[in-house]
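For reference, structure-v5.csv (CSV, C-alpha atoms and all ligand atoms):
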chain,number,residue,atom,x,y,z
A,1,MET,CA,-81.7,71.5,-112.5
A,2,ALA,CA,-85.5,71.3,-112.5
A,3,ARG,CA,-85.2,67.8,-113.8
A,4,ALA,CA,-82.6,66.7,-111.2
A,5,ARG,CA,-84.0,64.1,-108.8
A,6,GLY,CA,-84.4,64.8,-105.1
A,7,GLN,CA,-86.7,66.8,-102.8
A,8,GLU,CA,-83.9,68.8,-101.4
A,9,LYS,CA,-82.3,71.3,-103.8
A,10,TYR,CA,-80.5,74.5,-103.4
A,11,VAL,CA,-80.0,77.9,-105.1
A,12,ILE,CA,-76.7,79.6,-104.5
A,13,CYS,CA,-76.0,83.2,-105.5
A,14,ASN,CA,-72.3,83.6,-106.2
A,15,ALA,CA,-71.4,87.1,-104.8
A,16,ASP,CA,-67.8,86.2,-104.1
A,17,GLU,CA,-66.6,88.8,-106.7
A,18,GLY,CA,-62.8,88.1,-106.3
A,19,GLU,CA,-61.7,89.0,-109.8
A,20,PRO,CA,-59.4,92.0,-109.7
A,21,GLY,CA,-61.0,95.2,-110.9
A,22,THR,CA,-64.5,93.8,-110.6
A,23,PHE,CA,-67.2,95.5,-108.5
A,24,LYS,CA,-70.5,95.2,-110.5
A,25,ASP,CA,-72.0,92.7,-108.1
A,26,ARG,CA,-71.3,94.9,-105.1
A,27,LEU,CA,-73.3,97.7,-106.5
A,28,ILE,CA,-76.3,95.4,-107.1
A,29,LEU,CA,-76.0,94.0,-103.6
A,30,GLU,CA,-75.8,97.5,-102.1
A,31,GLY,CA,-78.1,99.3,-104.5
A,32,ASP,CA,-80.9,96.9,-105.2
A,33,PRO,CA,-80.8,93.8,-102.9
A,34,HIS,CA,-84.5,93.2,-103.3
A,35,LYS,CA,-84.1,92.6,-107.1
A,36,LEU,CA,-81.6,89.8,-106.3
A,37,ILE,CA,-83.9,88.3,-103.6
A,38,GLU,CA,-86.8,88.3,-106.2
A,39,GLY,CA,-84.5,86.6,-108.8
A,40,MET,CA,-83.5,83.9,-106.3
A,41,ILE,CA,-87.1,83.2,-105.3
A,42,LEU,CA,-88.0,82.9,-108.9
A,43,ALA,CA,-85.0,80.6,-109.6
A,44,GLY,CA,-85.9,78.5,-106.5
A,45,TYR,CA,-89.5,78.2,-107.8
A,46,ALA,CA,-88.3,77.2,-111.3
A,47,VAL,CA,-86.0,74.4,-110.1
A,48,GLY,CA,-88.0,73.2,-107.1
A,49,ALA,CA,-85.7,74.5,-104.4
A,50,HIS,CA,-86.8,75.8,-101.0
A,51,LYS,CA,-83.5,77.2,-99.7
A,52,GLY,CA,-81.0,79.6,-101.1
A,53,TYR,CA,-77.6,81.0,-100.0
A,54,VAL,CA,-76.0,84.3,-100.9
A,55,TYR,CA,-72.2,83.7,-100.7
A,56,ILE,CA,-70.8,87.2,-100.3
A,57,ARG,CA,-67.1,88.3,-100.4
A,58,GLY,CA,-66.2,88.8,-96.7
A,59,GLU,CA,-64.7,92.3,-97.4
A,60,TYR,CA,-68.1,93.5,-98.7
A,61,VAL,CA,-69.2,94.5,-95.2
A,62,LEU,CA,-71.9,97.0,-96.4
A,63,SER,CA,-73.2,94.5,-99.0
A,64,ILE,CA,-73.6,91.8,-96.3
A,65,ALA,CA,-75.4,94.3,-94.0
A,66,ARG,CA,-77.8,95.5,-96.8
A,67,MET,CA,-78.5,92.0,-98.0
A,68,GLU,CA,-79.3,90.8,-94.5
A,69,ARG,CA,-81.6,93.8,-93.9
A,70,ALA,CA,-83.3,93.2,-97.2
A,71,ILE,CA,-83.9,89.5,-96.4
A,72,ALA,CA,-85.4,90.5,-93.0
A,73,GLN,CA,-87.7,93.0,-94.7
A,74,ALA,CA,-88.8,90.4,-97.3
A,75,ARG,CA,-89.6,88.0,-94.5
A,76,GLU,CA,-91.7,90.7,-92.8
A,77,TYR,CA,-93.7,91.2,-96.0
A,78,GLY,CA,-94.3,87.5,-96.4
A,79,LEU,CA,-92.1,87.4,-99.5
A,80,LEU,CA,-89.7,84.9,-98.0
A,81,GLY,CA,-90.4,82.0,-95.6
A,82,GLU,CA,-93.3,79.5,-95.4
A,83,ASP,CA,-96.2,79.7,-97.9
A,84,ILE,CA,-95.1,82.9,-99.7
A,85,LEU,CA,-98.1,85.1,-100.2
A,86,GLU,CA,-100.3,82.1,-99.6
A,87,SER,CA,-99.0,80.5,-102.8
A,88,GLY,CA,-98.2,77.2,-101.2
A,89,TYR,CA,-94.6,77.7,-102.2
A,90,SER,CA,-91.9,78.2,-99.4
A,91,PHE,CA,-88.4,79.6,-99.9
A,92,ASP,CA,-85.9,81.2,-97.6
A,93,LEU,CA,-82.5,82.8,-97.9
A,94,GLU,CA,-79.3,83.0,-95.8
A,95,VAL,CA,-76.2,85.1,-96.2
A,96,ARG,CA,-72.8,83.5,-95.8
A,97,PRO,CA,-69.6,85.6,-95.9
A,98,GLY,CA,-66.6,84.2,-97.8
A,99,ALA,CA,-63.1,84.3,-96.2
A,100,GLY,CA,-61.2,86.0,-98.9
A,101,ALA,CA,-60.0,83.3,-101.3
A,102,TYR,CA,-60.3,84.0,-105.0
A,103,VAL,CA,-60.7,80.3,-105.7
A,104,CYS,CA,-63.9,80.2,-103.6
A,105,GLY,CA,-65.6,82.1,-106.4
A,106,GLU,CA,-65.3,78.8,-108.4
A,107,GLU,CA,-68.6,77.1,-107.9
A,108,THR,CA,-67.4,73.8,-106.4
A,109,SER,CA,-65.0,75.4,-103.9
A,110,LEU,CA,-67.7,77.8,-103.0
A,111,ILE,CA,-69.9,74.8,-102.2
A,112,GLU,CA,-67.1,73.2,-100.1
A,113,SER,CA,-66.7,76.5,-98.2
A,114,LEU,CA,-70.4,76.7,-97.6
A,115,GLU,CA,-70.2,73.2,-96.1
A,116,GLY,CA,-67.6,74.5,-93.7
A,117,LYS,CA,-64.6,72.9,-95.3
A,118,ARG,CA,-61.5,74.3,-96.8
A,119,GLY,CA,-62.4,75.9,-100.2
A,120,TRP,CA,-60.8,73.4,-102.5
A,121,PRO,CA,-62.3,72.8,-106.0
A,122,ARG,CA,-64.0,69.5,-106.5
A,123,LEU,CA,-63.2,67.1,-109.4
A,124,ARG,CA,-66.0,67.2,-112.0
A,125,PRO,CA,-68.1,65.2,-112.9
A,126,PRO,CA,-70.3,64.9,-111.0
A,127,TYR,CA,-71.5,68.5,-111.4
A,128,PRO,CA,-73.3,70.6,-108.8
A,129,VAL,CA,-76.6,70.4,-110.7
A,130,THR,CA,-76.9,66.8,-109.5
A,131,HIS,CA,-74.3,66.6,-106.7
A,132,GLY,CA,-73.9,70.1,-105.1
A,133,LEU,CA,-74.3,71.4,-101.6
A,134,TRP,CA,-74.5,68.5,-99.1
A,135,GLY,CA,-74.5,66.2,-102.2
A,136,LYS,CA,-77.9,67.6,-103.3
A,137,PRO,CA,-78.9,69.2,-106.7
A,138,THR,CA,-77.6,72.8,-106.6
A,139,VAL,CA,-77.6,75.7,-109.0
A,140,VAL,CA,-74.9,78.4,-108.7
A,141,ASN,CA,-75.4,81.7,-110.5
A,142,ASN,CA,-73.9,85.1,-110.5
A,143,VAL,CA,-75.5,88.1,-108.9
A,144,GLU,CA,-76.0,89.9,-112.2
A,145,THR,CA,-77.5,86.8,-113.8
A,146,LEU,CA,-80.1,86.4,-111.0
A,147,ALA,CA,-80.8,90.1,-110.9
A,148,ASN,CA,-81.9,89.9,-114.5
A,149,VAL,CA,-84.6,87.3,-113.8
A,150,PRO,CA,-87.4,89.5,-112.3
A,151,GLU,CA,-87.3,91.9,-115.3
A,152,ILE,CA,-87.4,88.9,-117.8
A,153,VAL,CA,-90.3,87.3,-116.0
A,154,LEU,CA,-92.1,90.6,-115.8
A,155,ARG,CA,-91.6,91.8,-119.4
A,156,GLY,CA,-91.1,88.5,-121.1
A,157,ALA,CA,-88.3,86.8,-122.9
A,158,ASP,CA,-89.2,88.5,-126.2
A,159,TRP,CA,-88.7,91.9,-124.6
A,160,PHE,CA,-85.2,90.7,-123.4
A,161,ARG,CA,-84.4,89.5,-126.9
A,162,THR,CA,-84.9,93.0,-128.3
A,163,LEU,CA,-81.7,93.9,-126.5
A,164,GLY,CA,-78.2,92.7,-127.4
A,165,THR,CA,-77.6,90.2,-130.2
A,166,SER,CA,-79.7,87.2,-131.4
A,167,SER,CA,-77.4,84.6,-129.8
A,168,CYS,CA,-76.4,86.8,-126.7
A,169,PRO,CA,-79.5,88.8,-125.7
A,170,GLY,CA,-79.7,91.4,-123.0
A,171,THR,CA,-77.3,93.8,-121.4
A,172,LYS,CA,-74.0,93.4,-119.7
A,173,VAL,CA,-72.4,95.4,-116.9
A,174,PHE,CA,-68.7,96.3,-117.4
A,175,MET,CA,-66.1,98.0,-115.2
A,176,LEU,CA,-64.1,100.6,-117.1
A,177,LEU,CA,-60.8,101.0,-115.4
A,178,GLY,CA,-57.2,102.3,-115.8
A,179,HIS,CA,-56.2,104.9,-118.3
A,180,VAL,CA,-59.6,106.3,-119.3
A,181,GLN,CA,-60.9,109.7,-118.5
A,182,PHE,CA,-64.2,108.5,-117.1
A,183,PRO,CA,-63.7,105.2,-115.2
A,184,GLY,CA,-66.6,103.5,-113.6
A,185,LEU,CA,-69.5,101.1,-114.1
A,186,VAL,CA,-71.4,101.0,-117.4
A,187,GLU,CA,-74.3,98.8,-118.5
A,188,VAL,CA,-74.6,98.4,-122.3
A,189,GLU,CA,-76.3,96.0,-124.7
A,190,MET,CA,-74.5,92.8,-125.5
A,191,GLY,CA,-72.6,93.2,-128.7
A,192,THR,CA,-71.5,96.8,-128.1
A,193,PRO,CA,-68.0,97.4,-129.7
A,194,LEU,CA,-65.1,97.6,-127.3
A,195,ARG,CA,-64.2,100.9,-129.0
A,196,THR,CA,-67.5,102.5,-127.8
A,197,LEU,CA,-66.6,101.6,-124.2
A,198,VAL,CA,-63.0,102.8,-124.4
A,199,TYR,CA,-63.5,106.0,-126.3
A,200,GLU,CA,-67.2,107.1,-126.2
A,201,LEU,CA,-68.1,106.1,-122.6
A,202,GLY,CA,-64.6,106.1,-121.1
A,203,GLY,CA,-63.3,109.2,-123.1
A,204,GLY,CA,-60.1,107.4,-124.1
A,205,PRO,CA,-56.8,107.7,-122.3
A,206,PRO,CA,-56.4,111.1,-120.4
A,207,ASP,CA,-54.0,113.9,-121.5
A,208,GLY,CA,-54.0,112.8,-125.2
A,209,ALA,CA,-51.9,109.7,-124.3
A,210,ARG,CA,-51.9,106.9,-126.9
A,211,LEU,CA,-53.7,103.6,-126.2
A,212,LYS,CA,-51.4,100.6,-125.9
A,213,GLY,CA,-53.9,97.9,-125.1
A,214,VAL,CA,-56.9,96.6,-123.1
A,215,LEU,CA,-57.1,93.7,-120.7
A,216,VAL,CA,-60.7,92.4,-121.1
A,217,GLY,CA,-62.3,90.1,-118.5
A,218,GLY,CA,-60.1,90.6,-115.4
A,219,ALA,CA,-56.9,88.8,-114.5
A,220,ALA,CA,-58.1,85.7,-116.3
A,221,GLY,CA,-58.9,87.7,-119.4
A,222,ALA,CA,-57.2,88.5,-122.7
A,223,PHE,CA,-54.8,91.3,-123.6
A,224,LEU,CA,-56.1,93.0,-126.7
A,225,ALA,CA,-54.3,95.6,-128.9
A,226,PRO,CA,-55.6,98.9,-130.4
A,227,GLU,CA,-56.4,97.1,-133.7
A,228,ASP,CA,-58.8,94.7,-131.9
A,229,LEU,CA,-61.0,97.6,-130.6
A,230,ASP,CA,-63.8,96.8,-133.1
A,231,VAL,CA,-64.5,93.5,-131.4
A,232,ARG,CA,-68.1,93.3,-130.1
A,233,LEU,CA,-68.5,92.6,-126.4
A,234,ASP,CA,-70.7,89.4,-126.4
A,235,PHE,CA,-69.8,85.8,-125.6
A,236,ASP,CA,-69.7,84.6,-129.3
A,237,SER,CA,-67.7,87.5,-130.7
A,238,MET,CA,-65.1,87.2,-127.9
A,239,GLN,CA,-64.8,83.5,-128.4
A,240,GLU,CA,-64.2,84.0,-132.1
A,241,MET,CA,-61.1,86.0,-131.3
A,242,ALA,CA,-60.0,83.5,-128.7
A,243,ALA,CA,-60.9,86.0,-125.8
A,244,ALA,CA,-63.6,86.0,-123.1
A,245,LEU,CA,-65.9,88.5,-121.4
A,246,GLY,CA,-64.9,87.0,-118.0
A,247,SER,CA,-65.9,89.2,-115.1
A,248,GLY,CA,-66.6,92.2,-117.3
A,249,ALA,CA,-63.5,94.2,-116.1
A,250,ILE,CA,-62.1,96.3,-118.9
A,251,LEU,CA,-58.6,97.6,-118.0
A,252,VAL,CA,-57.3,100.2,-120.4
A,253,PHE,CA,-53.6,101.0,-120.5
A,254,ASP,CA,-51.7,103.6,-122.4
A,255,GLN,CA,-48.1,103.7,-123.8
A,256,SER,CA,-46.6,104.4,-120.3
A,257,THR,CA,-47.4,100.8,-119.3
A,258,CYS,CA,-44.7,98.0,-119.4
A,259,MET,CA,-46.2,94.7,-120.7
A,260,VAL,CA,-43.8,92.6,-118.7
A,261,ASP,CA,-45.0,94.5,-115.6
A,262,MET,CA,-48.6,94.0,-116.5
A,263,LEU,CA,-48.2,90.2,-117.1
A,264,GLY,CA,-46.1,90.0,-113.9
A,265,SER,CA,-49.0,91.4,-111.8
A,266,VAL,CA,-51.3,88.9,-113.4
A,267,LEU,CA,-49.0,85.9,-112.8
A,268,ARG,CA,-48.3,87.0,-109.2
A,269,PHE,CA,-52.0,87.2,-108.6
A,270,PHE,CA,-52.4,83.6,-109.8
A,271,ARG,CA,-49.5,82.3,-107.8
A,272,HIS,CA,-50.9,83.9,-104.7
A,273,GLU,CA,-54.4,82.6,-105.3
A,274,SER,CA,-53.5,79.0,-106.4
A,275,CYS,CA,-55.0,76.8,-103.8
A,276,GLY,CA,-52.1,74.4,-104.1
A,277,GLN,CA,-54.3,71.2,-104.4
A,278,CYS,CA,-52.9,70.2,-107.8
A,279,THR,CA,-49.3,70.2,-109.0
A,280,PRO,CA,-49.5,71.8,-112.4
A,281,CYS,CA,-51.1,75.0,-111.0
A,282,ARG,CA,-49.1,75.1,-107.7
A,283,VAL,CA,-45.7,74.6,-109.3
A,284,GLY,CA,-46.6,76.1,-112.7
A,285,THR,CA,-47.7,79.5,-111.4
A,286,ASP,CA,-44.5,79.8,-109.3
A,287,ALA,CA,-42.3,78.8,-112.3
A,288,LEU,CA,-44.0,81.4,-114.5
A,289,VAL,CA,-43.4,84.2,-112.0
A,290,ARG,CA,-39.7,83.2,-111.7
A,291,LEU,CA,-39.3,82.9,-115.5
A,292,LEU,CA,-40.9,86.3,-116.1
A,293,ASP,CA,-38.5,87.8,-113.5
A,294,ALA,CA,-35.7,86.4,-115.6
A,295,VAL,CA,-37.2,88.0,-118.7
A,296,ARG,CA,-37.4,91.3,-116.8
A,297,SER,CA,-33.8,91.2,-115.7
A,298,GLY,CA,-32.7,90.3,-119.3
A,299,SER,CA,-31.1,87.0,-118.3
A,300,GLY,CA,-32.0,84.4,-120.9
A,301,ASP,CA,-33.1,84.1,-124.5
A,302,GLU,CA,-36.3,83.6,-126.4
A,303,GLY,CA,-36.3,80.0,-125.2
A,304,ILE,CA,-37.7,81.3,-121.9
A,305,LEU,CA,-40.8,82.5,-123.7
A,306,GLU,CA,-41.3,79.1,-125.3
A,307,LEU,CA,-40.8,77.4,-122.0
A,308,MET,CA,-43.4,79.7,-120.4
A,309,MET,CA,-45.9,78.8,-123.1
A,310,GLU,CA,-45.2,75.1,-122.6
A,311,ILE,CA,-45.8,75.4,-118.9
A,312,THR,CA,-49.0,77.3,-119.5
A,313,GLU,CA,-50.2,74.6,-122.0
A,314,THR,CA,-49.5,71.9,-119.4
A,315,MET,CA,-51.4,73.8,-116.8
A,316,ASN,CA,-54.3,74.2,-119.2
A,317,LEU,CA,-54.4,70.5,-119.9
A,318,ALA,CA,-53.7,69.1,-116.5
A,319,SER,CA,-55.0,71.5,-113.8
A,320,LEU,CA,-57.8,70.3,-111.7
A,321,CYS,CA,-60.0,73.5,-111.9
A,322,PRO,CA,-60.4,76.4,-114.2
A,323,LEU,CA,-58.1,78.6,-112.1
A,324,GLY,CA,-55.0,76.8,-113.4
A,325,GLN,CA,-56.4,76.7,-116.9
A,326,SER,CA,-57.2,80.4,-117.1
A,327,VAL,CA,-53.6,81.5,-116.9
A,328,ALA,CA,-53.4,80.5,-120.6
A,329,LEU,CA,-55.4,83.4,-121.8
A,330,PRO,CA,-53.5,86.3,-120.4
A,331,MET,CA,-50.1,84.5,-121.0
A,332,GLY,CA,-50.9,83.6,-124.6
A,333,THR,CA,-52.4,87.0,-125.6
A,334,ALA,CA,-49.7,89.0,-123.9
A,335,LEU,CA,-47.0,87.1,-125.8
A,336,SER,CA,-48.7,87.0,-129.1
A,337,ARG,CA,-49.8,90.6,-129.3
A,338,PHE,CA,-46.9,92.3,-127.4
A,339,ARG,CA,-44.0,89.8,-128.0
A,340,GLU,CA,-41.6,92.4,-129.2
A,341,GLU,CA,-41.6,94.1,-125.8
A,342,PHE,CA,-40.7,90.8,-124.1
A,343,GLN,CA,-37.9,90.4,-126.6
A,344,ARG,CA,-36.6,93.9,-125.9
A,345,HIS,CA,-36.4,93.0,-122.2
A,346,LEU,CA,-34.6,89.8,-123.0
A,347,ALA,CA,-32.1,91.7,-125.1
A,348,GLY,CA,-31.3,93.8,-121.9
A,349,THR,CA,-32.6,97.1,-123.3
A,350,ASP,CA,-33.5,99.4,-120.5
A,351,CYS,CA,-37.2,99.7,-120.0
A,352,PRO,CA,-38.1,103.2,-118.6
A,353,ARG,CA,-41.6,101.9,-117.8
A,354,CYS,CA,-40.6,98.9,-115.6
A,355,ARG,CA,-41.5,99.1,-111.9
A,356,GLN,CA,-40.0,96.9,-109.2
A,357,PRO,CA,-42.4,93.9,-108.7
A,358,GLU,CA,-44.5,95.0,-105.8
A,359,GLY,CA,-44.8,92.5,-102.9
A,360,ALA,CA,-42.8,90.0,-105.0
A,361,LEU,CA,-42.6,86.6,-103.2
A,362,THR,CA,-39.3,84.9,-103.6
B,401,LIG,C1,-61.1,80.9,-110.0
B,401,LIG,C2,-62.5,81.2,-110.3
B,401,LIG,C3,-63.1,82.2,-109.6
B,401,LIG,C4,-64.5,82.6,-109.9
B,401,LIG,N1,-65.0,83.6,-109.3
B,401,LIG,C5,-66.3,83.9,-109.5
B,401,LIG,C6,-66.9,85.0,-108.8
B,401,LIG,O1,-66.3,85.7,-108.0
B,401,LIG,N2,-68.3,85.2,-109.1
B,401,LIG,C7,-69.0,84.5,-110.0
B,401,LIG,O2,-70.2,84.7,-110.2
B,401,LIG,N3,-68.4,83.5,-110.6
B,401,LIG,C8,-67.1,83.2,-110.4
B,401,LIG,N4,-66.6,82.1,-111.1
B,401,LIG,C9,-67.4,81.3,-112.0
B,401,LIG,C10,-68.3,80.3,-111.2
B,401,LIG,O3,-67.6,79.1,-111.1
B,401,LIG,C11,-69.6,80.0,-111.9
B,401,LIG,O4,-69.3,79.6,-113.2
B,401,LIG,C12,-70.6,81.2,-111.9
B,401,LIG,O5,-70.9,81.6,-110.6
B,401,LIG,C13,-71.8,80.9,-112.7
B,401,LIG,O6,-72.6,82.0,-112.7
B,401,LIG,P1,-73.3,82.5,-114.1
B,401,LIG,O7,-73.5,81.3,-115.0
B,401,LIG,O8,-74.6,83.1,-113.6
B,401,LIG,O9,-72.4,83.5,-114.7
B,401,LIG,C14,-65.2,81.8,-110.9
B,401,LIG,C15,-64.6,80.7,-111.5
B,401,LIG,C16,-63.3,80.4,-111.3
B,401,LIG,C17,-62.6,79.3,-112.0
B,402,LIG,S1,-55.9,74.4,-110.6
B,402,LIG,FE1,-55.0,75.7,-109.0
B,402,LIG,S2,-56.7,76.5,-107.9
B,402,LIG,FE2,-57.5,74.8,-109.1
B,402,LIG,S3,-57.4,73.0,-107.8
B,402,LIG,FE3,-55.4,73.1,-108.9
B,402,LIG,S4,-54.1,74.2,-107.5
B,402,LIG,FE4,-56.1,74.6,-106.8

Full structure transcribed into structure tokens:
Amino acid sequence: MARARGQEKYVICNADEGEPGTFKDRLILEGDPHKLIEGMILAGYAVGAHKGYVYIRGEYVLSIARMERAIAQAREYGLLGEDILESGYSFDLEVRPGAGAYVCGEETSLIESLEGKRGWPRLRPPYPVTHGLWGKPTVVNNVETLANVPEIVLRGADWFRTLGTSSCPGTKVFMLLGHVQFPGLVEVEMGTPLRTLVYELGGGPPDGARLKGVLVGGAAGAFLAPEDLDVRLDFDSMQEMAAALGSGAILVFDQSTCMVDMLGSVLRFFRHESCGQCTPCRVGTDALVRLLDAVRSGSGDEGILELMMEITETMNLASLCPLGQSVALPMGTALSRFREEFQRHLAGTDCPRCRQPEGALT
């Protein structure tokens, strides 16, 4: 980005935070907005930008109010605006609320939305780093990323590298959710085992219930089984087991959970949030929901599962943006790790754990 040509460049903070079960950015926006402002000024200085936008999820009313107040305070202190602290460098910030679409968290739709257009993802390349907001070089980063910057500049990269793993330094914020005794937000070093989060920090499932699995990374994440709990939570280790850290949401579920239900919630979410611009995702997400309903009602055979995987692979190959591609991870991991449960539904065995699909669209 620093090398991108052009006088006009932009820094965007992605505070859309639309991933289900994810609220880490909200707590930074509300609890320490000045850290984010400082991170954005430093990012702007590093890349040669003079203007930044904080794109905040519209429902985050308090975050928006706190961020706007913090920006006004920073201006009063001469930390934003023209000639910051007589350094010769100028940078200013503006808050823009989102309108509630999950896809607007994707960086190119976010840029479209900031430009006042419908939040549809752009075809890439070109990438925002050369052709972003108003066609100018633009860097888009997450709240947590930018909030890390002041501490790294203050204490040095070597200090940061003492935390986490050699290839994934630093800390990571996770949301511990679902069937754990102590749900909430935790910040741990990169590379901390999943087991530590579920059992040491989360206290494991309440009332002595047995763990059934964990959805790591939000709706676009991977379903893991109890035997996977020793995986380390860093980008490389997750990639090695064909999973992803995603948004950092860790949804723990015990044996009372129906996997067909769980996957159904995920697929309905994607169907609802598909922007409809491209056919594989628009049609594919709907087909997957309908096929899963057939599995639930026991009408069909194993061929349905094969067809679902085929549709997912097509979506992965042909979707225009990562939303359509990300269905592959929850689909693939649910079917590979919990296949027997899908087979039992297909065989028509009564599932005491099944709920009626809530808000199912027909
Ligand atoms: C459907 C979709 C939704 C996304 N939502 C968010 C979001 O809410 N917040 C976010 O920071 N990144 C989100 N992203 C990722 C962004 O496109 C982008 O990669 C990210 O803001 C880069 O920040 P980082 O490199 O600092 O993590 C989303 C991506 C997709 C495909
Ligand atoms: S993959 Fe889905 S969300 Fe992305 S552009 Fe296509 S229809 Fe829209």

Extract, using only C-alpha atoms, all DNA, RNA and protein residues at most 12 Å from Met309 of chain A, discarding same-chain residues fewer than 2 positions from it, and format them as a tab-separated table (two decimals) with C-alpha atoms, in the frame of the given file.
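Once everything was written out, this is out_34.tsv:
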chain	number	residue	atom	x	y	z
A	284	GLY	CA	-46.60	76.10	-112.70
A	285	THR	CA	-47.70	79.50	-111.40
A	287	ALA	CA	-42.30	78.80	-112.30
A	288	LEU	CA	-44.00	81.40	-114.50
A	291	LEU	CA	-39.30	82.90	-115.50
A	292	LEU	CA	-40.90	86.30	-116.10
A	302	GLU	CA	-36.30	83.60	-126.40
A	303	GLY	CA	-36.30	80.00	-125.20
A	304	ILE	CA	-37.70	81.30	-121.90
A	305	LEU	CA	-40.80	82.50	-123.70
A	306	GLU	CA	-41.30	79.10	-125.30
A	307	LEU	CA	-40.80	77.40	-122.00
A	311	ILE	CA	-45.80	75.40	-118.90
A	312	THR	CA	-49.00	77.30	-119.50
A	313	GLU	CA	-50.20	74.60	-122.00
A	314	THR	CA	-49.50	71.90	-119.40
A	315	MET	CA	-51.40	73.80	-116.80
A	316	ASN	CA	-54.30	74.20	-119.20
A	327	VAL	CA	-53.60	81.50	-116.90
A	328	ALA	CA	-53.40	80.50	-120.60
A	329	LEU	CA	-55.40	83.40	-121.80
A	330	PRO	CA	-53.50	86.30	-120.40
A	331	MET	CA	-50.10	84.50	-121.00
A	332	GLY	CA	-50.90	83.60	-124.60
A	333	THR	CA	-52.40	87.00	-125.60
A	334	ALA	CA	-49.70	89.00	-123.90
A	335	LEU	CA	-47.00	87.10	-125.80
A	336	SER	CA	-48.70	87.00	-129.10

Mind checking which residues fall within 12 Å of Leu197 of chain A, counting only C-alpha atoms, ignoring those fewer than 4 positions away in the same chain, and posting them as a PDB file with C-alpha atoms, in the frame of the given file?
ATOM      1  CA  LYS A 172     -74.000  93.400-119.700  1.00  0.00           C
ATOM      2  CA  VAL A 173     -72.400  95.400-116.900  1.00  0.00           C
ATOM      3  CA  PHE A 174     -68.700  96.300-117.400  1.00  0.00           C
ATOM      4  CA  MET A 175     -66.100  98.000-115.200  1.00  0.00           C
ATOM      5  CA  LEU A 176     -64.100 100.600-117.100  1.00  0.00           C
ATOM      6  CA  LEU A 177     -60.800 101.000-115.400  1.00  0.00           C
ATOM      7  CA  VAL A 180     -59.600 106.300-119.300  1.00  0.00           C
ATOM      8  CA  GLN A 181     -60.900 109.700-118.500  1.00  0.00           C
ATOM      9  CA  PHE A 182     -64.200 108.500-117.100  1.00  0.00           C
ATOM     10  CA  PRO A 183     -63.700 105.200-115.200  1.00  0.00           C
ATOM     11  CA  GLY A 184     -66.600 103.500-113.600  1.00  0.00           C
ATOM     12  CA  LEU A 185     -69.500 101.100-114.100  1.00  0.00           C
ATOM     13  CA  VAL A 186     -71.400 101.000-117.400  1.00  0.00           C
ATOM     14  CA  GLU A 187     -74.300  98.800-118.500  1.00  0.00           C
ATOM     15  CA  VAL A 188     -74.600  98.400-122.300  1.00  0.00           C
ATOM     16  CA  GLU A 189     -76.300  96.000-124.700  1.00  0.00           C
ATOM     17  CA  MET A 190     -74.500  92.800-125.500  1.00  0.00           C
ATOM     18  CA  GLY A 191     -72.600  93.200-128.700  1.00  0.00           C
ATOM     19  CA  THR A 192     -71.500  96.800-128.100  1.00  0.00           C
ATOM     20  CA  PRO A 193     -68.000  97.400-129.700  1.00  0.00           C
ATOM     21  CA  LEU A 201     -68.100 106.100-122.600  1.00  0.00           C
ATOM     22  CA  GLY A 202     -64.600 106.100-121.100  1.00  0.00           C
ATOM     23  CA  GLY A 203     -63.300 109.200-123.100  1.00  0.00           C
ATOM     24  CA  GLY A 204     -60.100 107.400-124.100  1.00  0.00           C
ATOM     25  CA  PRO A 205     -56.800 107.700-122.300  1.00  0.00           C
ATOM     26  CA  VAL A 214     -56.900  96.600-123.100  1.00  0.00           C
ATOM     27  CA  VAL A 216     -60.700  92.400-121.100  1.00  0.00           C
ATOM     28  CA  LEU A 229     -61.000  97.600-130.600  1.00  0.00           C
ATOM     29  CA  ASP A 230     -63.800  96.800-133.100  1.00  0.00           C
ATOM     30  CA  VAL A 231     -64.500  93.500-131.400  1.00  0.00           C
ATOM     31  CA  ARG A 232     -68.100  93.300-130.100  1.00  0.00           C
ATOM     32  CA  LEU A 233     -68.500  92.600-126.400  1.00  0.00           C
ATOM     33  CA  GLY A 248     -66.600  92.200-117.300  1.00  0.00           C
ATOM     34  CA  ALA A 249     -63.500  94.200-116.100  1.00  0.00           C
ATOM     35  CA  ILE A 250     -62.100  96.300-118.900  1.00  0.00           C
ATOM     36  CA  LEU A 251     -58.600  97.600-118.000  1.00  0.00           C
ATOM     37  CA  VAL A 252     -57.300 100.200-120.400  1.00  0.00           C
TER      38      VAL A 252
END

- [ ] Name each residue within 9 Å of ligand LIG 401 (chain B), counting all atoms listed in the file, as a PyMOL selection string.
- [x] chain A and resi 12-19+22+25+57+101-110+121+139-146+220+246-247+273-274+321-326

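The protein and nucleic acid residues lying at most 7 Å from segment 150-164 of chain A are Lys35, Glu38, Gly39, Ala147, Cys168, Pro169, Gly170, Thr171, Glu189, Met190 and Gly191 of chain A, with all atoms listed in the file considered and sequence neighbours fewer than 3 positions away removed.
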
Open item on the list: As an exercise, work out the distance from atom CA of Arg3 of chain A to atom CA of Val47 of chain A in Å and give it to one decimal place.
Closed with: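 Between atom CA of Arg3 of chain A and atom CA of Val47 of chain A the gap works out to 7.6 Å.
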
TODO: Enter the distance from atom CA of Gln73 of chain A to atom CA of His34 of chain A, in Å, rounded to one decimal.
DONE: 9.2 Å

Task: Among the residues A:Phe23, A:Tyr77, A:Phe270, A:Phe338, the one that comes closest to ligand LIG 402 (chain B) [using only C-alpha atoms and all ligand atoms] - done: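 Ranked by minimum distance to ligand LIG 402 (chain B), first place goes to A:Phe270.
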
TODO: Could you tell me which of A:Gly276, A:Gly48, A:Gly31, A:Gly6 comes closest to ligand LIG 402 (chain B) if we count only C-alpha atoms and all ligand atoms?
DONE: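 Between A:Gly276, A:Gly48, A:Gly31, A:Gly6, the residue approaching ligand LIG 402 (chain B) most closely is A:Gly276.
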